[in-house]
Amino acid sequence: MHTSIQIAKIWGIPVRLHWTFVLVLGWLVYLGIPDWQYFRGQRALWMFVSVFAVFVCILLHELGHAFMARRYGVQTLQIMLSPIGGQAILERMPKQPRKELLVALAGPIVNMILAITALPFLFWIPAEKLAHLPQFFGNPNGNTFLRLDLDERFIIGFVLLNFLVALFNLIPAFPLDGGRILRALLSMRMNKLGATRIATFLGQGFAALIVLFSVSQYNWLMGVIGLFIFVSASMEYRYVKLDSRLHSFSVKDILRPRFTRIYLDEDLQQVIQQWREGSEKNFLVFNRFEQLQGVLTSPILMEHQQSEEKELVEVLLTQEYVEIGKEDNLMKVIRLMQDEDYEILPVYEGKELIGVVDWNDVEHFIRLQKEQIR
Ligand SMILES: [Zn+2]
């Protein structure tokens, strides 16, 4: 799905722009149509600078999360920038609450630093103009703001934007950073699922309030943000619930005791035949002394299914497997299989091979568990 384009790569992290940014450009053009004169010269320049600054502030916020995550050895898969904010997608959240807390805090802290750094520039603005600012908050549609010069508006806007982004993100509601901070704090005293439930509940309540408010104000953008928060909060809860559910299983709950043994000197075409017709898609390969020599996986067989050459199993087998025990935690094994791209793993009880864990079985198992928690 190409719903976004990559615009940069920072520290090896792809930075992507969501297509809805086109809507924002369209909106700006629409605003400009009644009075094109308005957008000429200085004004157009400052407008461009402002939009760019918003963009950079959001990007720096996300890089703050990514930077802190990297300190704890967690990779950021990508940073997505959309008109309603950015999102740093981490490969996983650090397990320890203290680390999750710091990763979540890093984003708002970046905006705080930006705002504080820009504060001295306020002295640029004549004091008598600044004195009028409180009136602006009382009546944003009044002309107090308009009496400021363009560069003065930019400085005030920059400071306000960063303070507001930091404060908004600190609201303790999923999926905002504040929700993660709250969950991390609660996780120090209770289990993660309970902590997530509370943070989710607050997130949904908060989202509902935003939606109600936006309806009363006819503010559709706010409504979209509210719905987005609501859906994300629910998804996060389901994800954590699935995660904690999978943690309660071990390898023996999923292992397959019966499996077809393939031998080094077997004809590959025969194995491919078996792969096509049977339900087993990944195999363990043995020598004639019944010693495990490697694995033959579905991707490899798929690649060679067209070849007419007469080959033996031993030319294709790989060493991409590790031995696991039947008491190993299932979630750990699933992570391992995902990280290392393992398709099938032999399961041992002591020295005895008692079965296999096949990725196809894992996927099926996860699907079943997902249905259970719906
Ligand atoms: Zn954030």
# chains A, B, ... in the order shown; residues from 1 in each chain; ligands from 1
>>> residues_near_ligand(ligand="ligand 1", cutoff="10 Å", atoms="only C-alpha atoms and all ligand atoms", output="VMD selection string")
chain A and resid 58 to 66 85 to 88 103 to 111 165 to 166 168 to 170 175 to 178 180
>>> select_by_dssp(residues="range 59-192 of chain A", states="strand (DSSP E)", output="list in words")
Thr76, Leu77, Gln78, Ile79, Met80, Leu81, Ser82, Gly85, Gly86, Gln87, Ala88, Ile89 and Leu90 of chain A
>>> write_last_selection(atoms="C-alpha atoms", output="compact mmCIF listing (two decimals), in the first residue's frame")
# COMPACT_ATOMS: atom_id res chain seq x y z
CA THR A 76 12.48 2.66 14.99
CA LEU A 77 10.96 1.10 11.87
CA GLN A 78 9.70 4.39 10.46
CA ILE A 79 8.48 7.87 11.29
CA MET A 80 5.14 8.78 9.73
CA LEU A 81 4.18 12.44 9.45
CA SER A 82 0.52 13.23 8.91
CA GLY A 85 0.68 14.72 14.01
CA GLY A 86 3.54 12.32 13.73
CA GLN A 87 4.10 8.77 14.82
CA ALA A 88 7.35 6.94 15.44
CA ILE A 89 6.72 3.25 14.87
CA LEU A 90 9.06 1.26 17.11
>>> residues_around(residues="Leu255 in chain A", least_positions_apart="4", cutoff="9 Å", atoms="only C-alpha atoms", output="list in words")
Val251, Lys326, Val347, Ile354, Gly355, Val356, Val357, Asp358 and Asp361 of chain A
>>> closest_residue(among="A:Glu100, A:Pro94, A:Glu352, A:Trp359", to="Leu336 in chain A", atoms="only C-alpha atoms")
A:Trp359
>>> residues_around(residues="Thr20 in chain A", least_positions_apart="2", cutoff="12 Å", atoms="only C-alpha atoms", output="ChimeraX atom specification")
/A:3-5,16-18,22-27,80-85
>>> atom_distance(atom1="CA of Leu102 in chain A", atom2="CA of Phe67 in chain A")
10.6 Å
>>> closest_residue(among="A:Ala8, A:Leu209, A:Leu345, A:Leu317", to="Pro299 in chain A", atoms="only C-alpha atoms")
A:Leu317
>>> closest_residue(among="A:Gln305, A:Ser214, A:Ser232, A:Asn162", to="Arg276 in chain A", atoms="only C-alpha atoms")
A:Gln305
>>> select_by_dssp(residues="range 225-370 of chain A", states="helix (DSSP H, G or I)", output="ChimeraX atom specification")
/A:225-247,251-253,268-277,298-304,313-315,330-340,359-370
>>> residues_around(residues="range 264-271 of chain A", least_positions_apart="5", cutoff="6 Å", atoms="only C-alpha atoms", output="PDB file with N, CA and C atoms, in the first residue's frame")
ATOM      1  N   ASN A 287      20.265 -37.245   8.741  1.00  0.00           N
ATOM      2  CA  ASN A 287      21.088 -38.218   8.011  1.00  0.00           C
ATOM      3  C   ASN A 287      20.567 -39.618   8.349  1.00  0.00           C
ATOM      4  N   GLU A 311      17.982 -33.161  -8.136  1.00  0.00           N
ATOM      5  CA  GLU A 311      18.912 -32.778  -7.077  1.00  0.00           C
ATOM      6  C   GLU A 311      18.566 -33.533  -5.796  1.00  0.00           C
ATOM      7  N   LEU A 312      19.539 -33.581  -4.902  1.00  0.00           N
ATOM      8  CA  LEU A 312      19.286 -34.219  -3.609  1.00  0.00           C
ATOM      9  C   LEU A 312      18.985 -33.147  -2.564  1.00  0.00           C
ATOM     10  N   VAL A 313      18.288 -33.561  -1.523  1.00  0.00           N
ATOM     11  CA  VAL A 313      17.931 -32.647  -0.437  1.00  0.00           C
ATOM     12  C   VAL A 313      19.146 -31.916   0.119  1.00  0.00           C
ATOM     13  N   GLU A 314      20.293 -32.627   0.170  1.00  0.00           N
ATOM     14  CA  GLU A 314      21.452 -32.051   0.877  1.00  0.00           C
ATOM     15  C   GLU A 314      22.000 -30.768   0.258  1.00  0.00           C
TER      16      GLU A 314
END
>>> closest_residue(among="A:Ile155, A:Met112, A:Trp220, A:Leu164", to="Leu130 in chain A", atoms="only C-alpha atoms")
A:Ile155
>>> residues_around(residues="Gln306 in chain A", least_positions_apart="4", cutoff="12 Å", atoms="only C-alpha atoms", output="number ranges by chain")
A: 268-269, 272-273, 300-302, 310
>>> write_last_selection(atoms="C-alpha atoms", output="short mmCIF file (atom, residue, chain, number, x, y, z; two decimals), in the first residue's frame")
data_model
loop_
_atom_site.label_atom_id
_atom_site.label_comp_id
_atom_site.auth_asym_id
_atom_site.auth_seq_id
_atom_site.Cartn_x
_atom_site.Cartn_y
_atom_site.Cartn_z
CA LEU A 268 14.28 -33.06 -4.01
CA GLN A 269 11.45 -33.40 -6.52
CA ILE A 272 8.48 -30.84 -3.41
CA GLN A 273 5.65 -33.17 -4.39
CA ILE A 300 13.22 -22.56 -0.37
CA LEU A 301 10.93 -25.24 -1.78
CA MET A 302 8.74 -22.62 -3.42
CA LYS A 310 17.44 -33.91 -10.35
#
>>> atom_distance(atom1="CA of Ala195 in chain A", atom2="CA of Phe213 in chain A")
27.2 Å
>>> atom_distance(atom1="CA of Gln96 in chain A", atom2="CA of Met337 in chain A")
22.2 Å
